[in-house]
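Structure data (compact mmCIF, N, CA, C and O atoms) from model_13.txt:
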```
# COMPACT_ATOMS: atom_id res chain seq x y z
N ALA A 38 104.70 74.68 28.10
CA ALA A 38 104.69 74.61 26.65
C ALA A 38 105.07 75.95 26.08
O ALA A 38 104.82 76.99 26.69
N TYR A 39 105.71 75.94 24.95
CA TYR A 39 106.05 77.19 24.29
C TYR A 39 106.11 77.00 22.79
O TYR A 39 106.11 75.89 22.28
N THR A 40 106.16 78.12 22.09
CA THR A 40 106.23 78.15 20.63
C THR A 40 107.60 78.65 20.20
O THR A 40 108.12 79.59 20.77
N GLU A 41 108.19 78.01 19.20
CA GLU A 41 109.45 78.45 18.61
C GLU A 41 109.16 78.91 17.19
O GLU A 41 108.67 78.13 16.37
N VAL A 42 109.45 80.17 16.88
CA VAL A 42 109.18 80.71 15.56
C VAL A 42 110.43 80.55 14.70
O VAL A 42 111.52 80.93 15.10
N GLU A 43 110.25 79.98 13.51
CA GLU A 43 111.37 79.74 12.60
C GLU A 43 111.57 80.86 11.59
O GLU A 43 112.67 81.12 11.18
N ASP A 44 110.50 81.47 11.14
CA ASP A 44 110.59 82.45 10.07
C ASP A 44 109.76 83.67 10.46
O ASP A 44 108.59 83.55 10.75
N GLN A 45 110.34 84.84 10.45
CA GLN A 45 109.64 86.04 10.87
C GLN A 45 108.79 86.67 9.76
O GLN A 45 108.15 87.68 9.98
N LEU A 46 108.77 86.10 8.58
CA LEU A 46 108.04 86.69 7.47
C LEU A 46 106.67 86.06 7.32
O LEU A 46 106.51 84.96 6.81
N TYR A 47 105.65 86.73 7.80
CA TYR A 47 104.28 86.27 7.66
C TYR A 47 103.84 86.47 6.21
O TYR A 47 104.21 87.45 5.62
N PRO A 48 103.13 85.58 5.52
CA PRO A 48 102.40 84.42 6.04
C PRO A 48 103.17 83.11 5.97
O PRO A 48 102.60 82.06 6.20
N ASN A 49 104.45 83.14 5.63
CA ASN A 49 105.22 81.91 5.54
C ASN A 49 105.82 81.51 6.88
O ASN A 49 106.76 80.74 6.93
N GLN A 50 105.26 82.03 7.93
CA GLN A 50 105.79 81.82 9.25
C GLN A 50 105.46 80.42 9.77
O GLN A 50 104.34 79.95 9.65
N SER A 51 106.44 79.78 10.36
CA SER A 51 106.27 78.47 10.95
C SER A 51 106.58 78.57 12.43
O SER A 51 107.58 79.18 12.82
N ALA A 52 105.72 78.02 13.27
CA ALA A 52 105.94 78.04 14.71
C ALA A 52 105.70 76.64 15.25
O ALA A 52 104.62 76.08 15.09
N ASN A 53 106.72 76.06 15.88
CA ASN A 53 106.66 74.70 16.39
C ASN A 53 106.30 74.70 17.86
O ASN A 53 106.55 75.67 18.57
N LEU A 54 105.72 73.60 18.34
CA LEU A 54 105.32 73.49 19.74
C LEU A 54 106.23 72.53 20.49
O LEU A 54 106.54 71.44 20.00
N PHE A 55 106.62 72.94 21.70
CA PHE A 55 107.47 72.14 22.58
C PHE A 55 106.90 72.14 23.99
O PHE A 55 106.19 73.07 24.38
N SER A 56 107.25 71.14 24.76
CA SER A 56 106.97 71.15 26.20
C SER A 56 108.29 70.93 26.91
O SER A 56 109.22 70.33 26.38
N VAL A 57 108.37 71.44 28.13
CA VAL A 57 109.57 71.28 28.95
C VAL A 57 109.15 71.34 30.42
O VAL A 57 108.20 72.03 30.78
N TRP A 58 109.82 70.59 31.27
CA TRP A 58 109.52 70.61 32.69
C TRP A 58 109.89 71.97 33.27
O TRP A 58 110.70 72.70 32.70
N ASN A 59 109.33 72.31 34.42
CA ASN A 59 109.62 73.59 35.07
C ASN A 59 111.10 73.79 35.36
O ASN A 59 111.59 74.92 35.38
N ASN A 60 111.84 72.72 35.57
CA ASN A 60 113.27 72.83 35.87
C ASN A 60 114.13 72.90 34.60
O ASN A 60 115.35 72.89 34.68
N GLY A 61 113.49 72.94 33.44
CA GLY A 61 114.21 73.05 32.18
C GLY A 61 114.61 71.72 31.56
O GLY A 61 115.21 71.69 30.49
N GLU A 62 114.28 70.63 32.21
CA GLU A 62 114.63 69.31 31.69
C GLU A 62 113.48 68.73 30.86
O GLU A 62 112.37 69.24 30.88
N GLU A 63 113.79 67.65 30.16
CA GLU A 63 112.80 66.91 29.38
C GLU A 63 112.14 67.75 28.28
O GLU A 63 110.92 67.79 28.17
N LEU A 64 112.95 68.37 27.46
CA LEU A 64 112.43 69.10 26.30
C LEU A 64 111.84 68.09 25.31
O LEU A 64 112.50 67.14 24.91
N THR A 65 110.58 68.29 24.94
CA THR A 65 109.88 67.40 24.02
C THR A 65 109.27 68.21 22.89
O THR A 65 108.52 69.14 23.14
N GLU A 66 109.63 67.87 21.67
CA GLU A 66 109.01 68.51 20.52
C GLU A 66 107.65 67.86 20.29
O GLU A 66 107.56 66.66 20.08
N LEU A 67 106.59 68.67 20.34
CA LEU A 67 105.24 68.15 20.17
C LEU A 67 104.73 68.27 18.75
O LEU A 67 103.96 67.43 18.29
N LEU A 68 105.14 69.32 18.05
CA LEU A 68 104.61 69.55 16.71
C LEU A 68 105.57 70.41 15.91
O LEU A 68 105.91 71.52 16.31
N ARG A 69 106.05 69.88 14.79
CA ARG A 69 106.87 70.60 13.82
C ARG A 69 106.36 70.22 12.45
O ARG A 69 106.68 69.15 11.94
N ASP A 70 105.54 71.10 11.88
CA ASP A 70 104.93 70.73 10.61
C ASP A 70 104.85 71.88 9.61
O ASP A 70 104.13 71.79 8.63
N GLY A 71 105.56 72.96 9.88
CA GLY A 71 105.57 74.07 8.94
C GLY A 71 104.37 74.98 9.02
O GLY A 71 104.20 75.87 8.21
N ARG A 72 103.50 74.78 10.00
CA ARG A 72 102.33 75.63 10.19
C ARG A 72 102.58 76.61 11.34
O ARG A 72 103.49 76.44 12.13
N ALA A 73 101.71 77.60 11.45
CA ALA A 73 101.79 78.59 12.53
C ALA A 73 100.95 78.10 13.70
O ALA A 73 99.73 78.05 13.62
N ASN A 74 101.60 77.68 14.78
CA ASN A 74 100.95 77.14 15.98
C ASN A 74 101.29 78.04 17.16
O ASN A 74 102.45 78.13 17.55
N TYR A 75 100.29 78.71 17.74
CA TYR A 75 100.55 79.73 18.76
C TYR A 75 99.66 79.58 19.98
O TYR A 75 98.64 78.92 19.94
N TYR A 76 100.04 80.30 21.05
CA TYR A 76 99.25 80.44 22.28
C TYR A 76 98.90 79.10 22.91
O TYR A 76 97.73 78.82 23.19
N PRO A 77 99.89 78.24 23.15
CA PRO A 77 99.60 76.93 23.73
C PRO A 77 99.11 77.04 25.18
O PRO A 77 99.58 77.87 25.95
N ARG A 78 98.13 76.20 25.52
CA ARG A 78 97.56 76.12 26.86
C ARG A 78 97.32 74.65 27.17
O ARG A 78 96.74 73.93 26.36
N TRP A 79 97.73 74.20 28.36
CA TRP A 79 97.49 72.81 28.76
C TRP A 79 96.03 72.61 29.12
O TRP A 79 95.40 73.49 29.70
N THR A 80 95.49 71.44 28.79
CA THR A 80 94.15 71.09 29.26
C THR A 80 94.24 70.82 30.76
O THR A 80 95.33 70.63 31.31
N SER A 81 93.11 70.82 31.45
CA SER A 81 93.10 70.69 32.91
C SER A 81 93.71 69.38 33.39
O SER A 81 94.23 69.33 34.50
N ASP A 82 93.72 68.34 32.58
CA ASP A 82 94.33 67.07 32.99
C ASP A 82 95.78 66.92 32.51
O ASP A 82 96.40 65.88 32.72
N ASP A 83 96.32 67.96 31.89
CA ASP A 83 97.71 67.97 31.39
C ASP A 83 98.01 66.89 30.36
O ASP A 83 99.16 66.56 30.12
N GLN A 84 96.99 66.36 29.73
CA GLN A 84 97.18 65.31 28.74
C GLN A 84 97.24 65.82 27.30
O GLN A 84 97.72 65.12 26.42
N GLN A 85 96.75 67.05 27.10
CA GLN A 85 96.75 67.63 25.75
C GLN A 85 97.11 69.11 25.82
O GLN A 85 96.95 69.76 26.85
N LEU A 86 97.58 69.60 24.70
CA LEU A 86 97.88 71.00 24.56
C LEU A 86 96.87 71.60 23.59
O LEU A 86 96.64 71.07 22.50
N LEU A 87 96.24 72.68 24.00
CA LEU A 87 95.26 73.40 23.20
C LEU A 87 95.96 74.62 22.62
O LEU A 87 96.69 75.30 23.34
N PHE A 88 95.79 74.90 21.33
CA PHE A 88 96.52 76.02 20.72
C PHE A 88 95.81 76.57 19.49
O PHE A 88 94.96 75.92 18.90
N HIS A 89 96.18 77.78 19.15
CA HIS A 89 95.70 78.47 17.95
C HIS A 89 96.58 78.02 16.79
O HIS A 89 97.78 77.89 16.93
N ARG A 90 95.97 77.80 15.63
CA ARG A 90 96.73 77.31 14.47
C ARG A 90 96.23 77.99 13.19
O ARG A 90 95.03 78.14 12.99
N LEU A 91 97.17 78.35 12.37
CA LEU A 91 96.86 78.85 11.03
C LEU A 91 97.26 77.76 10.05
O LEU A 91 98.42 77.37 9.97
N GLU A 92 96.27 77.25 9.34
CA GLU A 92 96.51 76.17 8.38
C GLU A 92 95.80 76.49 7.08
O GLU A 92 94.57 76.67 7.07
N TYR A 93 96.56 76.57 6.01
CA TYR A 93 96.00 76.89 4.70
C TYR A 93 95.16 78.17 4.74
O TYR A 93 94.04 78.23 4.24
N GLU A 94 95.70 79.19 5.41
CA GLU A 94 95.10 80.51 5.53
C GLU A 94 93.75 80.50 6.24
O GLU A 94 92.92 81.37 6.05
N ARG A 95 93.51 79.51 7.09
CA ARG A 95 92.30 79.42 7.93
C ARG A 95 92.75 79.21 9.37
O ARG A 95 93.61 78.39 9.65
N TYR A 96 92.12 79.93 10.29
CA TYR A 96 92.43 79.81 11.71
C TYR A 96 91.56 78.75 12.35
O TYR A 96 90.51 78.39 11.85
N GLY A 97 91.99 78.29 13.52
CA GLY A 97 91.20 77.35 14.30
C GLY A 97 91.90 77.02 15.60
O GLY A 97 93.04 77.41 15.83
N ILE A 98 91.20 76.30 16.47
CA ILE A 98 91.76 75.82 17.72
C ILE A 98 91.95 74.31 17.58
O ILE A 98 91.05 73.60 17.14
N TYR A 99 93.13 73.85 17.97
CA TYR A 99 93.53 72.46 17.82
C TYR A 99 94.05 71.91 19.14
O TYR A 99 94.39 72.67 20.04
N THR A 100 94.15 70.58 19.22
CA THR A 100 94.82 69.93 20.33
C THR A 100 95.86 68.98 19.78
O THR A 100 95.77 68.51 18.64
N VAL A 101 96.87 68.71 20.62
CA VAL A 101 97.88 67.70 20.32
C VAL A 101 98.19 67.01 21.65
O VAL A 101 98.07 67.62 22.72
N SER A 102 98.55 65.75 21.60
CA SER A 102 98.86 64.97 22.79
C SER A 102 100.06 65.56 23.54
O SER A 102 100.96 66.16 22.93
N SER A 103 100.12 65.35 24.84
CA SER A 103 101.24 65.84 25.65
C SER A 103 102.55 65.17 25.30
O SER A 103 103.62 65.65 25.65
N THR A 104 102.50 64.07 24.56
CA THR A 104 103.70 63.39 24.10
C THR A 104 103.95 63.60 22.61
O THR A 104 104.90 63.06 22.06
N GLY A 105 103.10 64.39 21.97
CA GLY A 105 103.20 64.64 20.54
C GLY A 105 102.28 63.72 19.77
O GLY A 105 101.94 62.63 20.22
N GLY A 106 101.84 64.16 18.61
CA GLY A 106 100.94 63.36 17.78
C GLY A 106 99.48 63.57 18.16
O GLY A 106 99.16 64.24 19.13
N GLY A 107 98.61 63.00 17.37
CA GLY A 107 97.18 63.08 17.64
C GLY A 107 96.59 64.46 17.41
O GLY A 107 95.72 64.89 18.15
N LEU A 108 97.05 65.16 16.39
CA LEU A 108 96.54 66.50 16.08
C LEU A 108 95.06 66.44 15.73
O LEU A 108 94.64 65.66 14.88
N VAL A 109 94.25 67.27 16.41
CA VAL A 109 92.80 67.30 16.20
C VAL A 109 92.33 68.75 16.14
O VAL A 109 92.70 69.55 17.01
N ARG A 110 91.54 69.07 15.13
CA ARG A 110 90.92 70.40 15.08
C ARG A 110 89.68 70.35 15.97
O ARG A 110 88.75 69.59 15.73
N VAL A 111 89.66 71.19 16.99
CA VAL A 111 88.56 71.21 17.96
C VAL A 111 87.51 72.22 17.55
O VAL A 111 86.32 71.94 17.61
N ILE A 112 87.95 73.40 17.16
CA ILE A 112 87.03 74.47 16.77
C ILE A 112 87.50 75.08 15.46
O ILE A 112 88.53 75.76 15.43
N PRO A 113 86.78 74.84 14.37
CA PRO A 113 87.13 75.53 13.13
C PRO A 113 86.68 76.98 13.22
O PRO A 113 85.72 77.29 13.91
N ASP A 114 87.38 77.84 12.57
CA ASP A 114 87.00 79.26 12.56
C ASP A 114 86.46 79.60 11.18
O ASP A 114 87.20 80.01 10.30
N GLU A 115 85.19 79.40 11.01
CA GLU A 115 84.55 79.60 9.71
C GLU A 115 84.60 81.04 9.23
O GLU A 115 84.59 81.31 8.04
N ASP A 116 84.64 82.00 10.17
CA ASP A 116 84.70 83.42 9.79
C ASP A 116 86.13 83.92 9.66
O ASP A 116 86.36 85.09 9.37
N ASN A 117 87.10 83.02 9.90
CA ASN A 117 88.52 83.33 9.80
C ASN A 117 88.93 84.47 10.73
O ASN A 117 89.70 85.34 10.39
N ASN A 118 88.38 84.45 11.95
CA ASN A 118 88.80 85.37 12.99
C ASN A 118 90.03 84.82 13.68
O ASN A 118 90.39 83.68 13.49
N TYR A 119 90.62 85.61 14.52
CA TYR A 119 91.81 85.21 15.24
C TYR A 119 91.39 84.75 16.62
O TYR A 119 91.15 85.54 17.51
N LEU A 120 91.25 83.42 16.82
CA LEU A 120 90.79 82.85 18.08
C LEU A 120 91.96 82.57 19.01
O LEU A 120 93.03 82.18 18.57
N TYR A 121 91.72 82.74 20.32
CA TYR A 121 92.72 82.44 21.34
C TYR A 121 92.18 81.34 22.25
O TYR A 121 91.09 81.49 22.79
N PRO A 122 92.94 80.27 22.46
CA PRO A 122 92.45 79.22 23.35
C PRO A 122 92.55 79.64 24.82
O PRO A 122 93.54 80.24 25.23
N VAL A 123 91.52 79.32 25.59
CA VAL A 123 91.51 79.59 27.03
C VAL A 123 90.91 78.37 27.72
O VAL A 123 89.83 77.93 27.33
N MET A 124 91.59 77.85 28.71
CA MET A 124 91.07 76.73 29.47
C MET A 124 90.30 77.25 30.66
O MET A 124 90.77 78.11 31.39
N VAL A 125 89.10 76.73 30.86
CA VAL A 125 88.27 77.09 32.00
C VAL A 125 88.01 75.83 32.80
O VAL A 125 87.52 74.84 32.24
N PRO A 126 88.35 75.82 34.09
CA PRO A 126 88.16 74.60 34.90
C PRO A 126 86.72 74.18 35.01
O PRO A 126 85.81 74.89 34.80
```

Can the structure in the file be given as structure tokens, please?
Amino acid sequence: AYTEVEDQLYPNQSANLFSVWNNGEELTELLRDGRANYYPRWTSDDQQLLFHRLEYERYGIYTVSSTGGGLVRVIPDEDNNYLYPVMVP
């Protein structure tokens, strides 16, 4: 999984999420919504992508399905700190 940044001017920065096989095939756009989506990490079962997201000037940790869709906020950041997702087996 990786992030593609569209605009380098923060806070209007948009970063989209993609997945691709190790051999470079099967590029799949998982999320393109005009928000800042960073630091993607696969869940241990490879069914979801866990990532940091800036939405309406609030940070949080979110998941999205490995095929795209199903966006869920997992951890809201009430103190508006900069959280990084880490998967622990």

Given only C-alpha atoms as the basis, pick out the residue of A:Gly107, A:Gly61, A:Asn53, A:Tyr121 nearest to His89 of chain A.
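Closest candidate: A:Tyr121.
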
Pick from A:Gln85, A:Ser103, A:Trp79, A:Asp70 nearest to Pro122 of chain A, counting only N, CA, C and O atoms:
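Smallest distance to Pro122 of chain A is found for A:Trp79.
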
Rounded to one decimal place, report the atom C of Leu68 of chain A-atom CA of Leu87 of chain A distance in Å.
13.0 Å

Given all atoms listed in the file as the basis, pick out the residue of A:Ala73, A:Ile98, A:Val57, A:Leu86 nearest to Ile112 of chain A.
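Checking each of A:Ala73, A:Ile98, A:Val57, A:Leu86 against Ile112 of chain A, counting all atoms listed in the file, the winner is A:Ile98.
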
Have a look at A:Val101, A:Glu94, A:Leu67, A:Leu108 and name the one nearest to Thr80 of chain A; count only C-alpha atoms.
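Comparing A:Val101, A:Glu94, A:Leu67, A:Leu108 against Thr80 of chain A, the winner is A:Val101.
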
Å distance separating atom N of Leu91 of chain A from atom CA of Ser56 of chain A, one decimal place
18.4 Å
